[in-house]
There are 2 protein chains.
Amino acid sequence: MLADIEKAEVFRVLPPDRVDRLRPLLRECPFERRRVLYFEGAEASRLWIVQQGQIRLYKSSARAQITTLDVLGPGEVFGALAPLEQATYSTSAEAISDGRAWWLPRETFLKLLGGDPAVAVEILRIVSRRLIDAQERLRSFAYDPAPARLAQALLQVSTDGKATVTRRALAEAAGTTVETAIRVLRRFAHDGLVVGAVGKIDILDRDALEQIASGE
Amino acid sequence: MLADIEKAEVFRVLPPDRVDRLRPLLRECPFERRRVLYFEGAEASRLWIVQQGQIRLYKSSARAQITTLDVLGPGEVFGALAPLEQATYSTSAEAISDGRAWWLPRETFLKLLGGDPAVAVEILRIVSRRLIDAQERLRSFAYDPAPARLAQALLQVSTDGKATVTRRALAEAAGTTVETAIRVLRRFAHDGLVVGAVGKIDILDRDALEQIASGE
DNA sequence: CCCCGGATATGATCGAGAGCATACCCGACC
DNA sequence: GGTCGGGTATGCTCTCGATCATATCCGGGG
């Protein structure tokens, strides 16, 4: 839970008085698990900031194939980040837990961007980091086998050795199928690397997983 | 060939006098085909701008597996784009033709960024677009079969129905092997979609290729 | 002129993983 | 208590594409 937007990654850089002027412009929006905040292709009218809970950004193809691109937690921004002409969301956004978000109109955000280099540089920093991540995942998707990608996804979502995540969610983050995710995780469990339960995986041997994640 | 940097995507937004002050800070650097401008992981000390020729950004894994992430032409920027603390290049950059580039020191660029919202917003626009592309490619790599990815790569690099590209280069852009690229392109040729030569592919049926690229 | 490296081409093999079917478990809800 | 849906589990099959091997063509350099 994030008490205030002054802690959010976008607005950290602003002096307190600037944040104060911003506060009345923000709307709050509670969301429940599975709620889709927006779909890919819709008009990108809002910049969102997670206050509480988690949001995943994903893309879907034909035949219900889904790729999870990013999972965001409190303080992280998403939505109408790009100052591009064609203002449509490039991904869909779905809540993976109950929570709460702020949003502000794209226009307001763009004005903010153009008015203050600090904000623009901060957003650039955020987007750059995501680009670098995406490029690394691209390399991984091109050449790493499914177990490596699953190990990466698992390490990614785990916080201190524990991951609350279904096999399906892992599969969608790793670009594979539920069946493969289940089989690979069973093998990990058999080899003593993890212990699995329903919707939950505990990591026993992080080093070994990292080994596998980096391609043996 | 780009006559002047005022046409480059980064500096388009600057008024002429700002560009004039910038000009003395730029260095020129000629490069020949296959020259590597920098390697992934090296200190990101320069922002580069293509003046003439083409540069590809790529990542390599173990066993000489290479993924081409982007191909840049005149006016496009690359290199130390991200205002992050750990200033290392996140990809390698190699010339795929003879050409020429400008560069300016990362510090100079960062000062420029912080000093002018217009520049920061422009860079943000560029990086955002690349992020959106990378995300779409990620989806594609996760689920599209090799022929679809190859068709995409071919359409990407072709300029009005003609592509000057080797099978290997296409394979590296599509995340597959040379052999597969060759076989798939042969099939395309057999089906009358393209005609191939050494280092060159002409598109005959763009619609059909787009059909295949989007997953049949 | 010969040699070498890179590009294209093609055959043979083989395995990872997708796809499909089925089954079990369990919590939610009627 | 019964039903239903989602998550996990497992077997079987089959295809795509990676891998390995080999061959041809061609341009450039000694």
# chains A, B, ... in the order shown; residues from 1 in each chain; ligands from 1
$ interface_residues --of "chain A" --to "chain B" --cutoff "10 Å" --atoms "only C-alpha atoms" --output "MDAnalysis selection string"
chainID A and resid 58:62 65:70 81:85 89:91 110 112:144 172:176 214:215
$ write_last_selection --atoms "C-alpha atoms" --output "compact mmCIF listing (two decimals), in the first residue's frame"
# COMPACT_ATOMS: atom_id res chain seq x y z
CA TYR A 58 -0.42 -8.30 -21.38
CA LYS A 59 -1.05 -8.84 -25.02
CA SER A 60 -3.29 -11.48 -26.51
CA SER A 61 -3.18 -13.13 -29.90
CA ALA A 62 -5.71 -15.23 -31.69
CA GLN A 65 -2.89 -16.95 -26.35
CA ILE A 66 -1.73 -14.45 -23.79
CA THR A 67 1.70 -13.00 -23.12
CA THR A 68 2.26 -11.21 -19.86
CA LEU A 69 4.66 -8.36 -20.52
CA ASP A 70 5.00 -6.81 -17.12
CA LEU A 81 3.03 6.79 -21.03
CA ALA A 82 4.02 7.47 -24.60
CA PRO A 83 3.71 10.99 -26.00
CA LEU A 84 2.78 9.61 -29.41
CA GLU A 85 0.21 10.85 -31.86
CA TYR A 89 -3.03 1.61 -25.32
CA SER A 90 -0.41 -0.79 -26.67
CA THR A 91 -1.26 -3.50 -24.14
CA LEU A 110 1.37 15.53 -21.30
CA LEU A 112 3.23 17.97 -16.97
CA LEU A 113 5.75 16.26 -19.24
CA GLY A 114 6.27 19.28 -21.43
CA GLY A 115 6.45 21.65 -18.51
CA ASP A 116 9.10 20.00 -16.42
CA PRO A 117 12.27 18.32 -17.67
CA ALA A 118 12.55 16.46 -14.36
CA VAL A 119 9.27 14.65 -14.96
CA ALA A 120 10.12 13.90 -18.55
CA VAL A 121 13.53 12.55 -17.62
CA GLU A 122 12.00 10.43 -14.89
CA ILE A 123 9.45 8.92 -17.25
CA LEU A 124 12.22 8.39 -19.77
CA ARG A 125 14.18 6.55 -17.14
CA ILE A 126 11.22 4.29 -16.43
CA VAL A 127 10.45 3.59 -20.06
CA SER A 128 14.13 3.01 -20.83
CA ARG A 129 14.38 0.42 -18.13
CA ARG A 130 11.33 -1.35 -19.49
CA LEU A 131 12.77 -1.26 -22.99
CA ILE A 132 16.01 -2.80 -21.77
CA ASP A 133 14.05 -5.51 -19.98
CA ALA A 134 11.93 -6.18 -23.03
CA GLN A 135 15.03 -6.49 -25.21
CA GLU A 136 16.59 -8.98 -22.85
CA ARG A 137 13.38 -10.99 -22.75
CA LEU A 138 13.32 -10.90 -26.53
CA ARG A 139 16.72 -12.51 -26.66
CA SER A 140 15.60 -15.05 -24.13
CA PHE A 141 12.40 -15.88 -26.03
CA ALA A 142 14.40 -16.33 -29.20
CA TYR A 143 16.87 -18.86 -27.85
CA ASP A 144 16.31 -20.01 -24.28
CA GLU A 172 1.96 -16.69 -19.79
CA ALA A 173 4.96 -14.76 -18.51
CA ALA A 174 7.38 -17.32 -19.94
CA GLY A 175 5.71 -17.72 -23.31
CA THR A 176 4.78 -21.36 -22.96
CA SER A 214 20.86 -18.29 -17.57
CA GLY A 215 20.91 -21.27 -19.91
$ residues_around --residues "segment 14-28 of chain D" --least-positions-apart "4" --cutoff "10 Å" --atoms "only C-alpha atoms (C1' of nucleotides)" --output "ChimeraX atom specification"
/B:145-146,176-177,179-180,198 /C:4-19
$ write_last_selection --atoms "N, CA, C and O atoms (P, O5', C5', C4', C3', O3' and C1' of nucleotides)" --output "short mmCIF file (atom, residue, chain, number, x, y, z; two decimals), in the first residue's frame"
data_model
loop_
_atom_site.label_atom_id
_atom_site.label_comp_id
_atom_site.auth_asym_id
_atom_site.auth_seq_id
_atom_site.Cartn_x
_atom_site.Cartn_y
_atom_site.Cartn_z
N PRO B 145 4.64 -18.83 -35.30
CA PRO B 145 5.58 -19.79 -35.89
C PRO B 145 6.64 -19.07 -36.72
O PRO B 145 6.47 -17.90 -37.09
N ALA B 146 7.71 -19.77 -37.00
CA ALA B 146 8.84 -19.18 -37.73
C ALA B 146 8.44 -18.47 -39.03
O ALA B 146 8.92 -17.36 -39.27
N THR B 176 15.34 -17.23 -35.49
CA THR B 176 15.38 -18.61 -35.95
C THR B 176 16.75 -18.88 -36.56
O THR B 176 17.67 -18.09 -36.39
N THR B 177 16.90 -20.01 -37.24
CA THR B 177 18.21 -20.37 -37.78
C THR B 177 18.28 -20.08 -39.28
O THR B 177 17.25 -19.91 -39.94
N GLU B 179 19.11 -22.07 -41.68
CA GLU B 179 18.50 -23.14 -42.47
C GLU B 179 16.99 -22.97 -42.57
O GLU B 179 16.41 -23.09 -43.66
N THR B 180 16.37 -22.68 -41.44
CA THR B 180 14.93 -22.48 -41.45
C THR B 180 14.55 -21.29 -42.31
O THR B 180 13.61 -21.35 -43.11
N VAL B 198 20.94 -13.80 -54.13
CA VAL B 198 21.93 -13.76 -53.06
C VAL B 198 21.91 -12.38 -52.40
O VAL B 198 22.09 -11.36 -53.06
P DC C 4 42.53 -23.30 -48.38
"O5'" DC C 4 41.67 -22.10 -47.78
"C5'" DC C 4 42.18 -20.77 -47.82
"C4'" DC C 4 41.03 -19.81 -47.58
"C3'" DC C 4 39.96 -20.37 -46.65
"O3'" DC C 4 39.65 -19.41 -45.66
"C1'" DC C 4 38.99 -19.64 -48.68
P DG C 5 38.86 -19.90 -44.39
"O5'" DG C 5 37.74 -18.77 -44.26
"C5'" DG C 5 38.00 -17.46 -44.74
"C4'" DG C 5 36.69 -16.81 -45.19
"C3'" DG C 5 35.50 -17.19 -44.31
"O3'" DG C 5 34.72 -16.02 -44.10
"C1'" DG C 5 35.04 -17.77 -46.55
P DG C 6 33.57 -16.03 -43.02
"O5'" DG C 6 32.27 -15.61 -43.86
"C5'" DG C 6 32.35 -14.56 -44.81
"C4'" DG C 6 31.19 -14.68 -45.77
"C3'" DG C 6 29.87 -15.04 -45.08
"O3'" DG C 6 28.86 -14.20 -45.60
"C1'" DG C 6 30.33 -16.57 -46.83
P DA C 7 27.39 -14.22 -44.99
"O5'" DA C 7 26.51 -14.78 -46.19
"C5'" DA C 7 26.59 -14.17 -47.46
"C4'" DA C 7 25.85 -15.03 -48.46
"C3'" DA C 7 24.50 -15.56 -47.94
"O3'" DA C 7 23.46 -15.19 -48.83
"C1'" DA C 7 25.82 -17.32 -48.84
P DT C 8 21.97 -15.61 -48.54
"O5'" DT C 8 21.80 -16.98 -49.35
"C5'" DT C 8 21.99 -16.98 -50.75
"C4'" DT C 8 21.93 -18.40 -51.27
"C3'" DT C 8 20.64 -19.15 -50.98
"O3'" DT C 8 20.04 -19.56 -52.20
"C1'" DT C 8 22.54 -20.48 -50.51
P DA C 9 18.57 -20.21 -52.20
"O5'" DA C 9 18.87 -21.76 -52.07
"C5'" DA C 9 19.70 -22.39 -53.02
"C4'" DA C 9 19.96 -23.83 -52.61
"C3'" DA C 9 18.72 -24.57 -52.08
"O3'" DA C 9 18.38 -25.56 -53.02
"C1'" DA C 9 20.68 -25.05 -50.81
P DT C 10 17.00 -26.33 -53.01
"O5'" DT C 10 17.35 -27.67 -52.22
"C5'" DT C 10 18.55 -28.35 -52.53
"C4'" DT C 10 18.72 -29.51 -51.58
"C3'" DT C 10 17.43 -30.05 -50.96
"O3'" DT C 10 17.40 -31.45 -51.14
"C1'" DT C 10 19.03 -29.70 -49.31
P DG C 11 16.08 -32.30 -50.90
"O5'" DG C 11 16.66 -33.56 -50.10
"C5'" DG C 11 17.96 -34.04 -50.42
"C4'" DG C 11 18.54 -34.78 -49.23
"C3'" DG C 11 17.50 -35.55 -48.40
"O3'" DG C 11 17.97 -36.87 -48.14
"C1'" DG C 11 18.75 -34.11 -47.00
P DA C 12 17.01 -37.98 -47.52
"O5'" DA C 12 17.60 -38.09 -46.04
"C5'" DA C 12 19.01 -38.12 -45.83
"C4'" DA C 12 19.25 -38.22 -44.34
"C3'" DA C 12 18.13 -38.95 -43.58
"O3'" DA C 12 18.68 -39.86 -42.66
"C1'" DA C 12 18.43 -36.77 -42.69
P DT C 13 17.70 -40.72 -41.72
"O5'" DT C 13 17.88 -39.96 -40.34
"C5'" DT C 13 19.17 -39.51 -39.95
"C4'" DT C 13 19.07 -38.73 -38.66
"C3'" DT C 13 18.10 -39.33 -37.64
"O3'" DT C 13 18.75 -39.36 -36.37
"C1'" DT C 13 17.63 -37.04 -37.95
P DC C 14 18.17 -40.26 -35.21
"O5'" DC C 14 18.25 -39.24 -33.98
"C5'" DC C 14 18.68 -37.91 -34.22
"C4'" DC C 14 17.94 -36.97 -33.30
"C3'" DC C 14 17.00 -37.66 -32.30
"O3'" DC C 14 17.14 -36.99 -31.06
"C1'" DC C 14 15.81 -36.06 -33.56
P DG C 15 16.87 -37.73 -29.70
"O5'" DG C 15 16.46 -36.50 -28.80
"C5'" DG C 15 17.10 -35.25 -29.02
"C4'" DG C 15 16.12 -34.12 -28.84
"C3'" DG C 15 15.15 -34.31 -27.67
"O3'" DG C 15 15.02 -33.08 -27.00
"C1'" DG C 15 13.93 -33.91 -29.63
P DA C 16 14.71 -33.07 -25.48
"O5'" DA C 16 14.13 -31.58 -25.32
"C5'" DA C 16 14.67 -30.55 -26.13
"C4'" DA C 16 13.57 -29.60 -26.56
"C3'" DA C 16 12.60 -29.22 -25.45
"O3'" DA C 16 12.35 -27.83 -25.54
"C1'" DA C 16 11.41 -30.22 -27.24
P DG C 17 11.65 -27.10 -24.35
"O5'" DG C 17 10.14 -27.00 -24.85
"C5'" DG C 17 9.88 -26.51 -26.15
"C4'" DG C 17 8.52 -26.93 -26.61
"C3'" DG C 17 7.39 -26.74 -25.59
"O3'" DG C 17 6.31 -26.17 -26.26
"C1'" DG C 17 7.27 -28.86 -26.53
P DA C 18 5.29 -25.17 -25.56
"O5'" DA C 18 4.09 -25.13 -26.60
"C5'" DA C 18 4.38 -25.05 -27.99
"C4'" DA C 18 3.37 -25.83 -28.80
"C3'" DA C 18 1.91 -25.66 -28.36
"O3'" DA C 18 1.11 -25.44 -29.51
"C1'" DA C 18 2.49 -27.97 -28.33
P DG C 19 -0.40 -24.98 -29.35
"O5'" DG C 19 -1.23 -26.34 -29.41
"C5'" DG C 19 -0.93 -27.26 -30.44
"C4'" DG C 19 -1.80 -28.49 -30.27
"C3'" DG C 19 -3.15 -28.22 -29.60
"O3'" DG C 19 -4.16 -28.84 -30.38
"C1'" DG C 19 -2.00 -29.96 -28.46
#
$ atom_distance --atom1 "atom CA of Pro16 of chain A" --atom2 "atom CA of Ala87 of chain B"
28.9 Å
$ residues_around --residues "Ala8 of chain B" --least-positions-apart "4" --cutoff "10 Å" --atoms "only C-alpha atoms (C1' of nucleotides)" --output "short mmCIF file (atom, residue, chain, number, x, y, z; two decimals) with N, CA and C atoms, in the first residue's frame"
data_model
loop_
_atom_site.label_atom_id
_atom_site.label_comp_id
_atom_site.auth_asym_id
_atom_site.auth_seq_id
_atom_site.Cartn_x
_atom_site.Cartn_y
_atom_site.Cartn_z
N LEU B 2 22.33 11.88 -44.49
CA LEU B 2 21.67 12.97 -43.80
C LEU B 2 22.61 14.17 -43.81
N ALA B 3 22.14 15.27 -44.38
CA ALA B 3 23.03 16.41 -44.54
C ALA B 3 23.38 17.04 -43.18
N ASP B 4 22.38 17.12 -42.34
CA ASP B 4 22.61 17.89 -41.13
C ASP B 4 21.84 17.28 -39.96
N ARG B 12 15.08 17.45 -34.31
CA ARG B 12 14.03 18.09 -35.10
C ARG B 12 13.31 19.16 -34.31
N VAL B 13 13.12 18.88 -33.01
CA VAL B 13 12.28 19.74 -32.19
C VAL B 13 12.98 21.01 -31.73
N ILE B 49 24.21 9.03 -33.35
CA ILE B 49 23.18 9.37 -34.33
C ILE B 49 23.67 8.93 -35.70
N VAL B 50 22.88 8.15 -36.38
CA VAL B 50 23.27 7.68 -37.71
C VAL B 50 23.18 8.84 -38.70
N GLN B 51 24.25 9.02 -39.45
CA GLN B 51 24.21 10.06 -40.49
C GLN B 51 23.93 9.39 -41.83
N PRO B 74 19.59 6.58 -41.23
CA PRO B 74 19.96 7.98 -41.06
C PRO B 74 18.96 8.76 -40.20
N GLY B 75 19.50 9.51 -39.26
CA GLY B 75 18.68 10.34 -38.40
C GLY B 75 18.28 9.69 -37.10
N GLU B 76 18.46 8.38 -37.01
CA GLU B 76 18.00 7.68 -35.80
C GLU B 76 19.11 7.62 -34.75
N VAL B 77 18.68 7.65 -33.51
CA VAL B 77 19.63 7.68 -32.39
C VAL B 77 19.75 6.32 -31.72
#
$ select_by_dssp --residues "segment 61-204 of chain A" --states "helix (DSSP H, G or I)" --output "JSON, numbers by chain"
{"A": [62, 63, 64, 106, 107, 108, 109, 110, 111, 112, 113, 114, 115, 117, 118, 119, 120, 121, 122, 123, 124, 125, 126, 127, 128, 129, 130, 131, 132, 133, 134, 135, 136, 137, 138, 139, 140, 141, 142, 143, 146, 147, 148, 149, 150, 151, 152, 153, 154, 155, 156, 157, 167, 168, 169, 170, 171, 172, 173, 174, 178, 179, 180, 181, 182, 183, 184, 185, 186, 187, 188, 189, 190]}
$ select_by_dssp --residues "segment 17-83 of chain B" --states "strand (DSSP E or B)" --output "PyMOL selection string"
chain B and resi 27-31+36-38+43+46-52+55-60+66-72+77-79
$ closest_atom_pairs --of "chain B" --to "chain C" --cutoff "10 Å" --atoms "only C-alpha atoms (C1' of nucleotides)" --output "JSON lines"
{"residue": "B:Thr166", "atom": "CA", "partner": "C:DA7", "partner_atom": "C1'", "distance": 7.6}
{"residue": "B:Arg167", "atom": "CA", "partner": "C:DA7", "partner_atom": "C1'", "distance": 8.1}
{"residue": "B:Arg168", "atom": "CA", "partner": "C:DA7", "partner_atom": "C1'", "distance": 8.5}
{"residue": "B:Val178", "atom": "CA", "partner": "C:DT8", "partner_atom": "C1'", "distance": 9.7}
{"residue": "B:Glu179", "atom": "CA", "partner": "C:DA9", "partner_atom": "C1'", "distance": 8.8}
{"residue": "B:Ile182", "atom": "CA", "partner": "C:DT8", "partner_atom": "C1'", "distance": 7.5}
{"residue": "B:Arg183", "atom": "CA", "partner": "C:DA9", "partner_atom": "C1'", "distance": 8.5}
{"residue": "B:Arg186", "atom": "CA", "partner": "C:DA9", "partner_atom": "C1'", "distance": 9.4}
{"residue": "B:Ala197", "atom": "CA", "partner": "C:DT8", "partner_atom": "C1'", "distance": 8.8}
{"residue": "B:Val198", "atom": "CA", "partner": "C:DA7", "partner_atom": "C1'", "distance": 6.8}
{"residue": "B:Gly199", "atom": "CA", "partner": "C:DA7", "partner_atom": "C1'", "distance": 7.6}
$ closest_atom_pairs --of "chain D" --to "chain A" --cutoff "10 Å" --atoms "only C-alpha atoms (C1' of nucleotides)" --output "Markdown table"
| residue | atom | partner | partner_atom | distance |
| --- | --- | --- | --- | --- |
| D:DG7 | C1' | A:Val198 | CA | 6.7 |
| D:DT8 | C1' | A:Val198 | CA | 7.2 |
| D:DA9 | C1' | A:Ile182 | CA | 7.8 |
| D:DT10 | C1' | A:Arg183 | CA | 8.9 |
$ write_last_selection --atoms "all heavy atoms" --output "PDB file, in the first residue's frame"
ATOM      1  P    DG D   7      -7.066 -20.603 -12.498  1.00  0.00           P
ATOM      2  OP1  DG D   7      -6.537 -19.339 -11.987  1.00  0.00           O
ATOM      3  OP2  DG D   7      -7.092 -20.882 -13.956  1.00  0.00           O
ATOM      4  O5'  DG D   7      -6.276 -21.786 -11.793  1.00  0.00           O
ATOM      5  C5'  DG D   7      -6.242 -21.842 -10.364  1.00  0.00           C
ATOM      6  C4'  DG D   7      -5.649 -23.155  -9.964  1.00  0.00           C
ATOM      7  O4'  DG D   7      -6.583 -24.202 -10.276  1.00  0.00           O
ATOM      8  C3'  DG D   7      -4.343 -23.508 -10.685  1.00  0.00           C
ATOM      9  O3'  DG D   7      -3.324 -23.746  -9.717  1.00  0.00           O
ATOM     10  C2'  DG D   7      -4.672 -24.742 -11.501  1.00  0.00           C
ATOM     11  C1'  DG D   7      -5.872 -25.318 -10.769  1.00  0.00           C
ATOM     12  N9   DG D   7      -6.764 -26.092 -11.623  1.00  0.00           N
ATOM     13  C8   DG D   7      -7.405 -25.661 -12.751  1.00  0.00           C
ATOM     14  N7   DG D   7      -8.136 -26.576 -13.322  1.00  0.00           N
ATOM     15  C5   DG D   7      -7.957 -27.706 -12.516  1.00  0.00           C
ATOM     16  C6   DG D   7      -8.498 -29.009 -12.621  1.00  0.00           C
ATOM     17  O6   DG D   7      -9.249 -29.457 -13.484  1.00  0.00           O
ATOM     18  N1   DG D   7      -8.064 -29.834 -11.596  1.00  0.00           N
ATOM     19  C2   DG D   7      -7.221 -29.444 -10.582  1.00  0.00           C
ATOM     20  N2   DG D   7      -6.908 -30.376  -9.682  1.00  0.00           N
ATOM     21  N3   DG D   7      -6.704 -28.226 -10.472  1.00  0.00           N
ATOM     22  C4   DG D   7      -7.114 -27.409 -11.463  1.00  0.00           C
ATOM     23  P    DT D   8      -1.838 -24.090 -10.179  1.00  0.00           P
ATOM     24  OP1  DT D   8      -0.958 -23.658  -9.075  1.00  0.00           O
ATOM     25  OP2  DT D   8      -1.620 -23.616 -11.555  1.00  0.00           O
ATOM     26  O5'  DT D   8      -1.837 -25.676 -10.186  1.00  0.00           O
ATOM     27  C5'  DT D   8      -2.095 -26.384  -8.978  1.00  0.00           C
ATOM     28  C4'  DT D   8      -2.166 -27.867  -9.251  1.00  0.00           C
ATOM     29  O4'  DT D   8      -3.278 -28.142 -10.134  1.00  0.00           O
ATOM     30  C3'  DT D   8      -0.924 -28.474  -9.929  1.00  0.00           C
ATOM     31  O3'  DT D   8      -0.398 -29.475  -9.077  1.00  0.00           O
ATOM     32  C2'  DT D   8      -1.441 -29.025 -11.247  1.00  0.00           C
ATOM     33  C1'  DT D   8      -2.919 -29.226 -10.950  1.00  0.00           C
ATOM     34  N1   DT D   8      -3.812 -29.202 -12.139  1.00  0.00           N
ATOM     35  C2   DT D   8      -4.543 -30.324 -12.429  1.00  0.00           C
ATOM     36  O2   DT D   8      -4.502 -31.338 -11.750  1.00  0.00           O
ATOM     37  N3   DT D   8      -5.344 -30.221 -13.540  1.00  0.00           N
ATOM     38  C4   DT D   8      -5.481 -29.117 -14.375  1.00  0.00           C
ATOM     39  O4   DT D   8      -6.226 -29.144 -15.345  1.00  0.00           O
ATOM     40  C5   DT D   8      -4.677 -27.976 -14.012  1.00  0.00           C
ATOM     41  C7   DT D   8      -4.733 -26.729 -14.850  1.00  0.00           C
ATOM     42  C6   DT D   8      -3.898 -28.066 -12.926  1.00  0.00           C
ATOM     43  P    DA D   9       0.983 -30.199  -9.474  1.00  0.00           P
ATOM     44  OP1  DA D   9       1.591 -30.701  -8.222  1.00  0.00           O
ATOM     45  OP2  DA D   9       1.742 -29.295 -10.361  1.00  0.00           O
ATOM     46  O5'  DA D   9       0.508 -31.445 -10.321  1.00  0.00           O
ATOM     47  C5'  DA D   9      -0.367 -32.399  -9.726  1.00  0.00           C
ATOM     48  C4'  DA D   9      -0.706 -33.472 -10.753  1.00  0.00           C
ATOM     49  O4'  DA D   9      -1.685 -32.967 -11.691  1.00  0.00           O
ATOM     50  C3'  DA D   9       0.478 -33.956 -11.597  1.00  0.00           C
ATOM     51  O3'  DA D   9       0.683 -35.329 -11.320  1.00  0.00           O
ATOM     52  C2'  DA D   9       0.054 -33.701 -13.035  1.00  0.00           C
ATOM     53  C1'  DA D   9      -1.454 -33.595 -12.928  1.00  0.00           C
ATOM     54  N9   DA D   9      -2.088 -32.759 -13.946  1.00  0.00           N
ATOM     55  C8   DA D   9      -1.894 -31.424 -14.174  1.00  0.00           C
ATOM     56  N7   DA D   9      -2.611 -30.939 -15.173  1.00  0.00           N
ATOM     57  C5   DA D   9      -3.325 -32.050 -15.634  1.00  0.00           C
ATOM     58  C6   DA D   9      -4.260 -32.217 -16.671  1.00  0.00           C
ATOM     59  N6   DA D   9      -4.654 -31.215 -17.470  1.00  0.00           N
ATOM     60  N1   DA D   9      -4.778 -33.459 -16.862  1.00  0.00           N
ATOM     61  C2   DA D   9      -4.374 -34.447 -16.059  1.00  0.00           C
ATOM     62  N3   DA D   9      -3.502 -34.412 -15.051  1.00  0.00           N
ATOM     63  C4   DA D   9      -3.011 -33.178 -14.890  1.00  0.00           C
ATOM     64  P    DT D  10       1.983 -36.106 -11.788  1.00  0.00           P
ATOM     65  OP1  DT D  10       2.251 -37.132 -10.763  1.00  0.00           O
ATOM     66  OP2  DT D  10       3.017 -35.134 -12.155  1.00  0.00           O
ATOM     67  O5'  DT D  10       1.514 -36.854 -13.108  1.00  0.00           O
ATOM     68  C5'  DT D  10       0.237 -37.463 -13.134  1.00  0.00           C
ATOM     69  C4'  DT D  10      -0.025 -38.015 -14.519  1.00  0.00           C
ATOM     70  O4'  DT D  10      -0.800 -37.054 -15.294  1.00  0.00           O
ATOM     71  C3'  DT D  10       1.226 -38.305 -15.361  1.00  0.00           C
ATOM     72  O3'  DT D  10       1.088 -39.588 -15.930  1.00  0.00           O
ATOM     73  C2'  DT D  10       1.217 -37.204 -16.402  1.00  0.00           C
ATOM     74  C1'  DT D  10      -0.281 -37.021 -16.589  1.00  0.00           C
ATOM     75  N1   DT D  10      -0.676 -35.736 -17.207  1.00  0.00           N
ATOM     76  C2   DT D  10      -1.724 -35.750 -18.098  1.00  0.00           C
ATOM     77  O2   DT D  10      -2.328 -36.749 -18.400  1.00  0.00           O
ATOM     78  N3   DT D  10      -2.037 -34.523 -18.640  1.00  0.00           N
ATOM     79  C4   DT D  10      -1.404 -33.315 -18.371  1.00  0.00           C
ATOM     80  O4   DT D  10      -1.773 -32.288 -18.910  1.00  0.00           O
ATOM     81  C5   DT D  10      -0.316 -33.386 -17.438  1.00  0.00           C
ATOM     82  C7   DT D  10       0.437 -32.140 -17.085  1.00  0.00           C
ATOM     83  C6   DT D  10      -0.010 -34.575 -16.903  1.00  0.00           C
TER      84       DT D  10
END
